[in-house]
Structures are given as C-alpha cells and as structure tokens.
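Undergrad: Pasting a structure below so you can have a look.
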Amino acid sequence: MQAPAARSRKLAQAPFNDSDADFVLETSDKVTFRLLSHIMSRASPIFHDMLGVPHPSAADASPSDYVDGKPVVRVTEDSKIMDAFLRCCYPVPHSTLGIEQLVAVYTAGDKYAVEAVKRHVVNELSRYIPQTEHSLRAYLLACHFGLRDEMERAAKQTLEMRKDDLLHIWYPELDLIQASFFTRLLNFRQRCVDNFGGLFTPLHRLLRDIEDGKGRPPLWESYYYQTTPECSCAVSIGHMDGGEPLSDDEQDDENDDDGKYWVKKWYLQYMKEMEEAVHQDNMPI
C-alpha cells in the first residue's frame, strides 16, 4: 500500500518531471520536482552543499524520504516560487512573474545564492516600473532590494498617481521598508510639484532678456491687470512709465535696461490658474 505522505504529493510539470532525475525536491505545498543534481549543484552553492550530505539508504529511511528510490530534499518555498526559481537554474526560458511574486522569488534567489534568479527578478521589476498602476509597489520593491536606479525611476513614475491614491493604497511591501523611504517619496513629489508649479508663476523667470541674459524686473502684477496693452502679439515691450508698447522696429533698437515686458491679460490669468491647479492635493503633479 502506498504511504499517505506519498499519496498527497503532486508531480510538477515539465521539465521538472524528468524520470532520469537523481533527486526529488518537495515544496511546502507538497509538489515534487524531479531534478538533476549536477545542474542544481552548478547553479547554487547552497544546493551543492545540501546534495553533498549523504542520505540514509532507502532501506533505513522513512518511506516519505524517498520517492521512486530517489532521496527527497524539502524546502520551505511553495511550488509557484520554486518553479520560477528553478527555471532560472535550468537551461529553459524564464517564467513571467506577477509583481506579487517578486519578493518571494528574489528571497529564494538570495537564500540559495543564485544570482541568475535575482537578476531575473530585477528585470521583471523593470517591466512594472513604467506602469503607473504598479509604480508605487515597484518603488517599494526597489527600496527593499536596495536598487537605487530602479527606486528613482519608479519614484518619477508615481508622479502620474493622485496624492490621495498614494496615501490610501496599502501593499504588503510597505511592511518591508523603513518609513523614511516613503517619506522621501512624498518629499520628492512635493519638490516636483513646487518646481513644476513655479513654471506657471507669471512673475517667476517668465519674462527675461533672452539676448544678454539680464533679467528685467516685470511690471507689478496689479499693473498688468489694470493696464495691460491691447497689443496683438503675445509679448511686447513697454516702459516703466506705462507708455505704449514699442513697435517691432523699436524693440530691435531698445537697449534700455529699464524697458519692461508686457504680457496679455488672458495669458497671466491662464498662468495663475495653472499654478493653482498643480498645487491641488487631489491632482497629479
């Protein structure tokens, strides 16, 4: 009669059901992978050491310690994680990983010292970074793995997220990082908002002398709203005394540093509205 432990086991799919395998790996969910020790020993120094330990003979061992006359090596990972792990060890195509699998597979790669597994996880992480819906989780994973470049890329991608979403979404990876990493992300987003919002401030480096690089102080904002010239061009030059805008020919001859830029009233209003919009809490940057 077959032992109860053996009946509960399930055989993994190809290529891990090789009848020529010389040992069996059993996962936490009772799936058995029939493997070749020479491949696993070369892929992982940890497996090299484990497989080097002599097993008791089948006659002396418990029935659950052998499957079809082959010794069983038990691991704490489940079958999905080990399948992804083993595909990085064997000369077969690597598996596509869900973002929720990355931590466990990376941890297995680190545990068994298989750099190919860790590289595969990093490659899979890079696939998720440009996807806005996964950008926050990708940032948390990059922090956990200590991947600076990926952290920066993911942080930039989170700029597409609304602040409310950022603050109210929970991922298990939040428990894996220090709070300072999340604080750094929030500070980065605020700096981006401030810098981006500054581009829409009508009186902030918007109007400057592009020929000699000297900034010319603009007219007072209130003065713009009261007396902005009704010129047809978007930008023209006037004088501090509120004189009429200069013609194009006069602008070419204008060398007085006291000259001022005039801006259409509607344009200033547009810039003010944009500045306010980018600082709204419920908006992206």
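Identifiers for the structure tokens are assigned positionally: chains receive A, B, ... in sequence, residues are indexed from 1 per chain, and ligands are indexed from 1 in the order shown.
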Please produce, as a tab-separated table, a per-residue contact table for stretch 8-69 of chain A versus stretch 76-97 of chain A (criterion: any atom at most 12 Å away, only C-alpha atoms considered), showing the nearest atom pair and its distance in Å to one decimal, sorted by chain then residue number.
TA:
```
residue	atom	partner	partner_atom	distance
A:Arg9	CA	A:Ser79	CA	11.5
A:Lys10	CA	A:Ser79	CA	10.0
A:Leu11	CA	A:Ser79	CA	10.2
A:Ala12	CA	A:Ser79	CA	8.1
A:Gln13	CA	A:Asp83	CA	9.1
A:Ala14	CA	A:Asp83	CA	10.1
A:Pro15	CA	A:Val92	CA	8.4
A:Phe16	CA	A:Asp83	CA	8.5
A:Asn17	CA	A:Asp83	CA	11.7
A:Leu25	CA	A:Met82	CA	9.4
A:Glu26	CA	A:Ser79	CA	8.4
A:Thr27	CA	A:Asp78	CA	5.1
A:Ser28	CA	A:Asp78	CA	5.0
A:Asp29	CA	A:Asp78	CA	5.5
A:Lys30	CA	A:Ser79	CA	7.9
A:Val31	CA	A:Ser79	CA	6.1
A:Thr32	CA	A:Ser79	CA	8.3
A:Phe33	CA	A:Asp83	CA	8.6
A:Arg34	CA	A:Leu86	CA	11.0
A:Leu35	CA	A:Leu86	CA	9.4
A:Leu36	CA	A:Tyr90	CA	9.5
A:Ser37	CA	A:Tyr90	CA	11.1
A:His38	CA	A:Tyr90	CA	10.7
A:Ile39	CA	A:Tyr90	CA	6.9
A:Met40	CA	A:Cys89	CA	6.8
A:Ser41	CA	A:Cys89	CA	9.7
A:Arg42	CA	A:Cys89	CA	8.6
A:Ala43	CA	A:Cys89	CA	5.5
A:Ser44	CA	A:Cys89	CA	8.0
A:Pro45	CA	A:Cys89	CA	11.8
A:Phe47	CA	A:Cys89	CA	11.1
```
Undergrad: Applying 6 Å and only C-alpha atoms, which residues near A:Phe23 remain after dropping the ones on its own chain fewer than 2 positions away? List them as a list of chain:residue names.
TA: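 So the residues in contact are A:Ala21, A:Leu35, A:Lys70, A:Pro71.
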Undergrad: How about saving the chosen residues, N, CA, C and O atoms kept, as a compact mmCIF listing (two decimals), in the first residue's frame?
TA:
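out.txt written:
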```txt
# COMPACT_ATOMS: atom_id res chain seq x y z
N ALA A 21 15.87 11.95 -13.32
CA ALA A 21 16.33 12.76 -12.19
C ALA A 21 16.93 11.87 -11.10
O ALA A 21 16.53 10.72 -10.94
N LEU A 35 14.67 16.46 -10.19
CA LEU A 35 15.76 17.31 -10.67
C LEU A 35 17.06 16.53 -10.83
O LEU A 35 17.23 15.44 -10.28
N LYS A 70 14.44 7.67 -5.06
CA LYS A 70 15.27 8.89 -5.12
C LYS A 70 15.09 9.69 -3.83
O LYS A 70 13.96 9.83 -3.34
N PRO A 71 16.18 10.22 -3.26
CA PRO A 71 16.08 10.97 -2.00
C PRO A 71 15.30 12.27 -2.18
O PRO A 71 15.32 12.89 -3.24
```
Undergrad: Nearest residue to A:Phe181 out of A:Arg74, A:His168, A:Arg162, A:His144, using only C-alpha atoms?
TA: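 Looking at the shortest contact to A:Phe181, the residue is A:His144.
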Undergrad: Select, from A:Asn195, A:Thr107, A:Gln101, A:Gln190, the residue with the minimum atom-to-atom distance to A:Ala138, counting only C-alpha atoms.
TA: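 Using only C-alpha atoms, the shortest distance to A:Ala138 belongs to A:Gln101.
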Undergrad: As a PyMOL selection string, which residues of stretch 25-136 of chain A does DSSP assign to alpha helix (DSSP H)?
TA: chain A and resi 37-43+45-52+79-89+102-111+115-128+132-136
Undergrad: Separation of atom CA of A:Lys156 and atom CA of A:Arg119, in Å?
TA: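 Atom-to-atom, atom CA of A:Lys156 and atom CA of A:Arg119 are spaced 22.4 Å apart.
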Undergrad: Give me the residues within 12 Å of A:Ala179 as a PyMOL selection string, counting only C-alpha atoms and dropping any in the same chain fewer than 6 places off.
TA: chain A and resi 140+143-144+173+185-186
Undergrad: Take the residues from that selection and write them out as a PDB file, in the first residue's frame, keeping C-alpha atoms.
TA:
```pdb
ATOM      1  CA  LEU A 140       8.623  49.787  -2.514  1.00  0.00           C
ATOM      2  CA  CYS A 143      13.701  50.076  -1.841  1.00  0.00           C
ATOM      3  CA  HIS A 144      13.530  46.607  -0.311  1.00  0.00           C
ATOM      4  CA  GLU A 173       5.693  45.572   0.679  1.00  0.00           C
ATOM      5  CA  LEU A 185       8.929  59.670  -1.862  1.00  0.00           C
ATOM      6  CA  LEU A 186       6.395  62.190  -0.523  1.00  0.00           C
TER       7      LEU A 186
END
```
Undergrad: Can you pull out the residues contacting A:Ile46? Cut-off 9 Å, using only C-alpha atoms, and skip same-chain residues under 4 positions away; I want them as a ChimeraX atom specification.
TA: /A:41,50-51,111-114
Undergrad: Please produce an output containing C-alpha atoms for each residue in the selection, written as a PDB file, in the first residue's frame.
TA:
```pdb
ATOM      1  CA  SER A  41      24.939  21.920  -7.800  1.00  0.00           C
ATOM      2  CA  MET A  50      22.953  20.119   0.607  1.00  0.00           C
ATOM      3  CA  LEU A  51      23.309  17.463  -2.066  1.00  0.00           C
ATOM      4  CA  LYS A 111      18.726  32.278   0.151  1.00  0.00           C
ATOM      5  CA  TYR A 112      20.199  29.739  -2.282  1.00  0.00           C
ATOM      6  CA  ALA A 113      22.802  32.176  -3.671  1.00  0.00           C
ATOM      7  CA  VAL A 114      21.644  32.081  -7.285  1.00  0.00           C
TER       8      VAL A 114
END
```
Undergrad: Apply DSSP to the structure's backbone, then extract all residues of stretch 64-110 of chain A labelled strand (DSSP E or B) and return them as a PyMOL selection string.
TA: chain A and resi 66-67+70-74
